[in-house]
$ cat run-v2.txt   # compact mmCIF, C-alpha atoms
# COMPACT_ATOMS: atom_id res chain seq x y z
CA MET M 1 57.73 5.26 -18.41
CA THR M 2 58.68 2.65 -20.99
CA ILE M 3 61.13 -0.15 -20.36
CA LEU M 4 62.72 -2.25 -23.09
CA GLU M 5 65.13 -5.17 -23.07
CA VAL M 6 67.85 -5.43 -25.71
CA THR M 7 70.26 -8.34 -25.97
CA ALA M 8 73.45 -9.32 -27.77
CA THR M 9 75.85 -12.26 -27.57
CA LYS M 10 79.57 -12.06 -26.87
CA ILE M 11 81.39 -14.87 -28.63
CA SER M 12 84.52 -14.08 -26.62
CA SER M 13 84.95 -12.28 -23.31
CA SER M 14 87.18 -9.77 -25.13
CA ASP M 15 84.41 -8.73 -27.58
CA LYS M 16 83.46 -5.06 -27.37
CA LEU M 17 79.80 -4.21 -26.85
CA GLY M 18 79.90 -1.36 -29.34
CA PHE M 19 78.29 1.53 -27.50
CA ASN M 20 79.39 4.58 -25.51
CA TYR M 21 77.77 6.01 -22.42
CA THR M 22 78.12 8.86 -19.98
CA CYS M 23 77.49 9.17 -16.24
CA THR M 24 77.51 12.33 -14.14
CA ASP M 25 76.64 13.28 -10.59
CA GLU M 26 73.37 14.69 -11.90
CA GLN M 27 72.83 11.64 -14.14
CA PRO M 28 74.25 8.66 -12.18
CA ARG M 29 72.54 6.12 -14.44
CA PRO M 30 74.51 5.40 -17.66
CA LEU M 31 73.11 7.30 -20.65
CA ILE M 32 73.83 5.95 -24.15
CA THR M 33 75.65 8.56 -26.27
CA ASN M 34 76.65 6.45 -29.28
CA VAL M 35 75.83 3.04 -30.78
CA ASN M 36 78.16 1.48 -33.35
CA SER M 37 75.95 0.13 -36.14
CA PHE M 38 78.52 -2.62 -36.78
CA GLY M 39 78.87 -3.50 -33.08
CA LEU M 40 77.15 -6.22 -31.05
CA PHE M 41 74.24 -3.97 -30.14
CA GLY M 42 74.11 -2.27 -33.55
CA HIS M 43 70.77 -3.82 -34.56
CA SER M 44 69.42 -4.75 -31.14
CA GLY M 45 67.15 -1.75 -30.69
CA LEU M 46 69.59 0.12 -28.43
CA GLU M 47 69.52 3.83 -29.29
CA VAL M 48 71.23 7.07 -28.31
CA GLY M 49 69.30 8.58 -25.41
CA HIS M 50 68.47 5.26 -23.73
CA THR M 51 69.21 5.08 -20.00
CA ILE M 52 70.60 1.73 -18.81
CA LEU M 53 68.62 0.41 -15.83
CA LEU M 54 70.02 -3.13 -15.62
CA ILE M 55 72.95 -5.07 -17.09
CA ASN M 56 72.37 -8.81 -16.78
CA GLY M 57 70.19 -8.12 -13.74
CA GLU M 58 72.63 -5.74 -12.01
CA ILE M 59 71.88 -2.05 -11.45
CA PRO M 60 74.65 0.08 -13.02
CA THR M 61 75.72 3.39 -11.50
CA LYS M 62 78.52 5.84 -12.06
CA SER M 63 80.62 4.03 -9.43
CA ASN M 64 80.17 0.41 -10.55
CA ILE M 65 79.38 0.28 -14.27
CA ARG M 66 82.99 -0.25 -15.33
CA ASP M 67 83.33 -3.21 -12.97
CA ILE M 68 80.06 -4.69 -14.25
CA LEU M 69 81.16 -4.39 -17.88
CA LYS M 70 84.61 -5.83 -17.14
CA SER M 71 83.04 -8.85 -15.43
CA LEU M 72 81.01 -9.81 -18.51
CA GLY M 73 82.34 -13.00 -20.06
CA SER M 74 81.24 -14.72 -23.23
CA GLY M 75 77.53 -15.33 -23.69
CA ASP M 76 74.35 -13.27 -23.74
CA VAL M 77 74.35 -9.69 -22.49
CA SER M 78 70.97 -8.21 -21.53
CA LEU M 79 70.38 -4.49 -21.12
CA VAL M 80 67.15 -3.17 -19.68
CA VAL M 81 66.86 0.42 -20.86
CA GLU M 82 64.46 3.34 -20.56
CA PRO M 83 64.09 5.59 -23.62
CA SER M 84 64.12 9.32 -23.07
CA SER M 85 60.72 11.02 -22.97
CA SER M 86 61.39 12.46 -26.43
CA LEU M 87 61.82 8.93 -27.84
CA SER M 88 58.79 7.44 -26.11
CA SER M 89 55.50 7.10 -27.91
CA ASN M 90 52.30 8.34 -26.31
CA ASN M 91 50.43 5.29 -27.53
CA HIS M 92 52.12 2.36 -25.79
CA ASP M 93 50.12 -0.60 -24.51
CA GLU M 94 49.49 -0.68 -20.78
CA SER M 95 51.18 -4.03 -20.44
CA CYS M 96 54.26 -6.06 -19.61
CA TYR M 97 54.82 -8.97 -21.97
CA PHE M 98 57.17 -10.87 -24.24
CA VAL M 99 56.79 -11.49 -27.93
CA LEU M 100 56.83 -15.25 -28.55
CA SER M 101 58.00 -16.12 -32.04
CA SER M 102 59.26 -19.16 -33.92
CA ILE M 103 62.46 -19.41 -35.93
CA PRO M 104 63.98 -22.22 -38.03
CA GLU M 105 67.14 -23.85 -36.70
CA LYS M 106 69.31 -26.59 -38.19
CA ARG M 107 69.95 -29.48 -35.79
CA ARG M 108 71.80 -32.76 -36.09
CA MET M 109 69.72 -35.92 -35.69
CA GLY M 110 71.90 -39.03 -35.93
CA ASP M 111 73.85 -38.74 -39.16
CA LYS M 112 71.52 -36.13 -40.67
CA HIS M 113 70.84 -32.42 -40.27
CA ILE M 114 67.20 -31.38 -40.12
CA MET M 115 65.46 -28.02 -39.89
CA CYS M 116 63.53 -27.60 -36.64
CA THR M 117 61.23 -24.88 -35.40
CA ILE M 118 62.18 -23.44 -32.03
CA ALA M 119 60.62 -20.74 -29.87
CA LYS M 120 62.28 -17.44 -29.08
CA ALA M 121 61.02 -14.59 -26.94
CA LYS M 122 61.80 -10.91 -26.44
CA MET M 123 60.61 -8.97 -23.41
CA THR M 124 59.05 -5.56 -23.70
CA SER M 125 56.83 -3.42 -21.55
CA SER M 126 55.36 0.01 -21.22
CA ILE M 127 53.29 2.26 -19.03
CA SER M 128 51.00 4.41 -21.10
CA THR M 129 51.41 8.16 -20.66
CA ARG M 130 47.65 8.44 -21.06
CA SER M 131 46.91 6.97 -17.62
CA GLN M 132 47.86 9.13 -14.65
CA VAL M 133 47.53 6.26 -12.15
CA LEU M 134 50.10 4.15 -14.01
CA LYS M 135 52.63 6.96 -13.81
CA HIS M 136 52.70 6.53 -10.06
CA ILE M 137 54.31 3.09 -10.18
CA LYS M 138 57.81 3.36 -8.74
CA GLN M 139 60.66 2.30 -10.98
CA SER M 140 61.79 -0.32 -8.43
CA ASP M 141 58.31 -1.89 -8.43
CA TRP M 142 58.17 -1.75 -12.23
CA LEU M 143 61.51 -3.55 -12.54
CA GLU M 144 60.35 -6.21 -10.07
CA LEU M 145 57.14 -6.66 -12.07
CA TYR M 146 59.10 -6.79 -15.32
CA TYR M 147 61.48 -9.49 -14.13
CA THR M 148 58.70 -11.49 -12.49
CA VAL M 149 57.31 -11.96 -15.98
CA ALA M 150 60.72 -12.28 -17.67
CA ALA M 151 62.37 -14.70 -15.24
CA LYS M 152 59.42 -16.89 -14.26
CA LEU M 153 56.73 -16.89 -16.94
CA GLN M 154 58.85 -16.48 -20.07
CA PRO M 155 60.98 -19.67 -19.62
CA GLU M 156 57.87 -21.80 -19.00
CA SER M 157 56.08 -20.52 -22.09
CA ILE M 158 59.20 -21.05 -24.24
CA LYS M 159 59.53 -24.60 -22.89
CA CYS M 160 55.89 -25.35 -23.70
CA ALA M 161 56.16 -23.86 -27.19
CA ASN M 162 59.24 -25.99 -27.92
CA VAL M 163 57.46 -29.16 -26.74
CA TYR M 164 54.63 -28.24 -29.13
CA TYR M 165 57.02 -27.70 -32.06
CA GLU M 166 58.81 -30.95 -31.27
CA MET M 167 55.49 -32.77 -31.20
CA LYS M 168 54.62 -31.29 -34.59
CA MET M 169 57.95 -32.42 -36.06
CA ARG M 170 57.65 -35.95 -34.65
CA MET M 171 54.06 -36.39 -35.77
CA ASN M 172 54.85 -35.22 -39.29
CA GLY M 173 57.79 -37.61 -39.56
CA GLU M 174 56.02 -40.76 -38.45
CA PHE M 175 54.42 -41.90 -41.71
CA ILE M 176 56.51 -44.39 -43.71
CA VAL M 177 55.86 -44.78 -47.43
CA GLY M 178 54.74 -48.32 -48.26
CA HIS M 179 51.29 -49.90 -48.04
CA ASP M 180 52.61 -53.11 -46.43
CA GLN M 181 53.71 -51.10 -43.40
CA HIS M 182 50.36 -49.39 -43.01
CA ASP M 183 49.07 -51.23 -39.88
CA MET M 184 52.39 -51.12 -38.08
CA GLN M 185 52.75 -47.45 -38.87
CA ARG M 186 49.29 -46.53 -37.67
CA ASN M 187 49.93 -48.31 -34.37
CA ARG M 188 53.21 -46.44 -33.98
CA HIS M 189 51.50 -43.21 -34.83
CA ASP M 190 48.65 -43.73 -32.34
CA SER M 191 51.12 -44.56 -29.57
CA LEU M 192 53.27 -41.55 -30.42
CA GLN M 193 50.26 -39.27 -30.49
CA ARG M 194 49.22 -40.39 -27.00
CA ASN M 195 52.72 -40.00 -25.56
CA GLU M 196 53.33 -36.61 -27.15
CA THR M 197 49.90 -35.33 -26.10
CA VAL M 198 50.48 -36.37 -22.48
CA LYS M 199 53.89 -34.68 -22.49
CA LEU M 200 52.44 -31.48 -23.96
CA ASN M 201 49.52 -31.42 -21.51
CA ILE M 202 51.83 -31.80 -18.51
CA THR M 203 54.11 -29.02 -19.75
CA LEU M 204 51.13 -26.76 -20.51
CA HIS M 205 49.63 -27.44 -17.07
CA ASN M 206 52.90 -26.46 -15.38
CA CYS M 207 53.08 -23.32 -17.51
CA LEU M 208 49.54 -22.27 -16.55
CA VAL M 209 50.28 -22.89 -12.85
CA VAL M 210 53.36 -20.66 -13.09
CA ALA M 211 51.30 -18.05 -14.97
CA GLN M 212 48.77 -17.87 -12.15
CA CYS M 213 51.58 -17.53 -9.58
CA VAL M 214 53.13 -14.73 -11.66
CA LEU M 215 49.76 -12.99 -11.93
CA SER M 216 49.32 -13.18 -8.14
CA LYS M 217 52.79 -11.71 -7.63
CA VAL M 218 52.17 -8.92 -10.13
CA ASN M 219 48.86 -8.01 -8.50
CA SER M 220 50.48 -8.02 -5.06
CA ILE M 221 52.97 -5.43 -6.37
CA LEU M 222 50.22 -3.35 -7.97
CA ALA M 223 47.79 -3.56 -5.03
CA LYS M 224 49.13 -0.42 -3.33
CA TYR M 225 48.51 1.50 -6.56
CA ASN M 226 44.91 0.24 -6.77
CA ILE M 227 45.64 -1.35 -10.18
CA ASN M 228 44.71 -4.83 -11.32
CA ALA M 229 46.25 -7.06 -14.03
CA VAL M 230 45.09 -9.97 -16.16
CA LEU M 231 47.07 -12.49 -18.20
CA LEU M 232 47.86 -11.92 -21.87
CA TYR M 233 47.95 -14.91 -24.23
CA ASN M 234 49.65 -15.65 -27.54
CA SER M 235 48.34 -18.28 -29.98
CA LEU M 236 50.57 -20.77 -31.79
CA GLU M 237 49.21 -21.95 -35.11
CA GLY M 238 47.70 -25.40 -35.43
CA TYR M 239 48.97 -27.91 -37.98
CA THR M 240 48.02 -30.93 -40.07
CA VAL M 241 49.94 -34.18 -40.01
CA ASP M 242 51.97 -34.87 -43.17
CA SER M 243 49.84 -35.39 -46.28
CA LYS M 244 51.43 -38.84 -46.74
CA ALA M 245 48.77 -39.97 -44.29
CA ARG M 246 46.23 -39.64 -47.08
CA HIS M 247 48.04 -42.26 -49.14
CA TYR M 248 46.79 -44.95 -46.79
CA GLU M 249 43.36 -46.51 -46.98
CA ASN M 250 40.96 -45.33 -44.25
CA CYS M 251 43.57 -42.96 -42.85
CA THR M 252 42.31 -39.45 -42.27
CA GLU M 253 44.34 -36.31 -41.76
CA LEU M 254 45.10 -35.48 -38.16
CA MET M 255 44.32 -31.87 -37.29
CA ILE M 256 46.04 -30.42 -34.26
CA ASP M 257 44.54 -27.27 -32.76
CA GLY M 258 46.77 -24.33 -31.99
CA LEU M 259 48.07 -23.64 -28.52
CA ASN M 260 47.32 -20.61 -26.32
CA LEU M 261 50.25 -19.67 -24.09
CA PRO M 262 50.43 -16.94 -21.42
CA THR M 263 52.95 -14.30 -22.48
CA GLY M 264 52.50 -11.42 -20.07
CA VAL M 265 50.13 -9.22 -18.12
CA GLN M 266 47.75 -6.47 -19.18
CA PHE M 267 46.90 -3.67 -16.76
CA CYS M 268 43.24 -3.04 -16.13
CA ALA M 269 41.52 0.11 -14.99
CA ALA M 270 41.99 0.99 -11.35
CA ALA M 271 40.08 -1.40 -9.12
CA ARG M 272 37.12 0.03 -7.29
$ encode --input "run-v2.txt" --output "structure tokens"
Amino acid sequence: MTILEVTATKISSSDKLGFNYTCTDEQPRPLITNVNSFGLFGHSGLEVGHTILLINGEIPTKSNIRDILKSLGSGDVSLVVEPSSSLSSNNHDESCYFVLSSIPEKRRMGDKHIMCTIAKAKMTSSISTRSQVLKHIKQSDWLELYYTVAAKLQPESIKCANVYYEMKMRMNGEFIVGHDQHDMQRNRHDSLQRNETVKLNITLHNCLVVAQCVLSKVNSILAKYNINAVLLYNSLEGYTVDSKARHYENCTELMIDGLNLPTGVQFCAAAR
């Protein structure tokens, strides 16, 4: 069984989602029958044949899906879907994780607009068809596992990544051209480095604490299946402080190591 999350954003509550579905007594879960390529979900990864398991955290059925869709206002719409067996690959990872990526975003700072790097994440998960023991996980347990990672670990990792990107931006912007300002600038820089490092370490510590709690929860769900899980990590690239630093006498480049953030869980072989 493979579970994917696809998302789109409604600018207005009257916006159409751009897909059709069908429900029957034999197939009470909504089954996608058409996806408008120009609609909100046109390029989200939603495909014909996907079965909708959750809509913004609610379980849709033949009797309530219309009410759920009517209640959606403006904002993000999340669909957790299960591809049909014919669409599923036989070579999925045995894991539940989110892909942490960085994107540029224009933000206003005072009277200027600057380009910032911010973190985004997209959940995905799969149970490999190669492992018989993983097939035994009930869908209700799998959804609980999935949202334990999505709702608890993902926000903490995104927060930590954004603190890291903000630190990178601040550190790179702290050198002022002009030799007469060298001493003052180095003092500012040293103070900023200490403050930003403390802030990042606190955020990272909190993230790792949450990650361990998530791992404990996941393993408590998997215990009855005699399966164990370990944390997956994603590395953010390191960076070098702006090359203007080299214009100053006795001022060396500051190298910042990359950051390892927990981004999901990997299933291990059945515990003995």
$ atom_distance --input "run-v2.txt" --atom1 "CA of Val48 in chain M" --atom2 "CA of Gln154 in chain M"
27.9 Å
$ closest_residue --input "run-v2.txt" --among "M:Lys16, M:Arg194, M:Arg170, M:Lys159" --to "Leu40 in chain M" --atoms "all atoms listed in the file"
M:Lys16
$ atom_distance --input "run-v2.txt" --atom1 "CA of Ile55 in chain M" --atom2 "CA of Ile68 in chain M"
7.7 Å
$ atom_distance --input "run-v2.txt" --atom1 "CA of Thr124 in chain M" --atom2 "CA of Val99 in chain M"
7.6 Å
$ residues_around --input "run-v2.txt" --residues "Tyr164 in chain M" --least-positions-apart "4" --cutoff "7 Å" --atoms "only C-alpha atoms" --output "PDB file with C-alpha atoms, in the frame of the given file"
ATOM      1  CA  CYS M 160      55.890 -25.350 -23.700  1.00  0.00           C
ATOM      2  CA  LYS M 168      54.620 -31.290 -34.590  1.00  0.00           C
ATOM      3  CA  LEU M 200      52.440 -31.480 -23.960  1.00  0.00           C
TER       4      LEU M 200
END
$ closest_residue --input "run-v2.txt" --among "M:Thr197, M:Ser95, M:Ser13, M:Thr117" --to "Ala161 in chain M" --atoms "all atoms listed in the file"
M:Thr117
$ closest_residue --input "run-v2.txt" --among "M:Thr22, M:Asn228, M:Thr9, M:Gln212" --to "Thr51 in chain M" --atoms "all atoms listed in the file"
M:Thr22
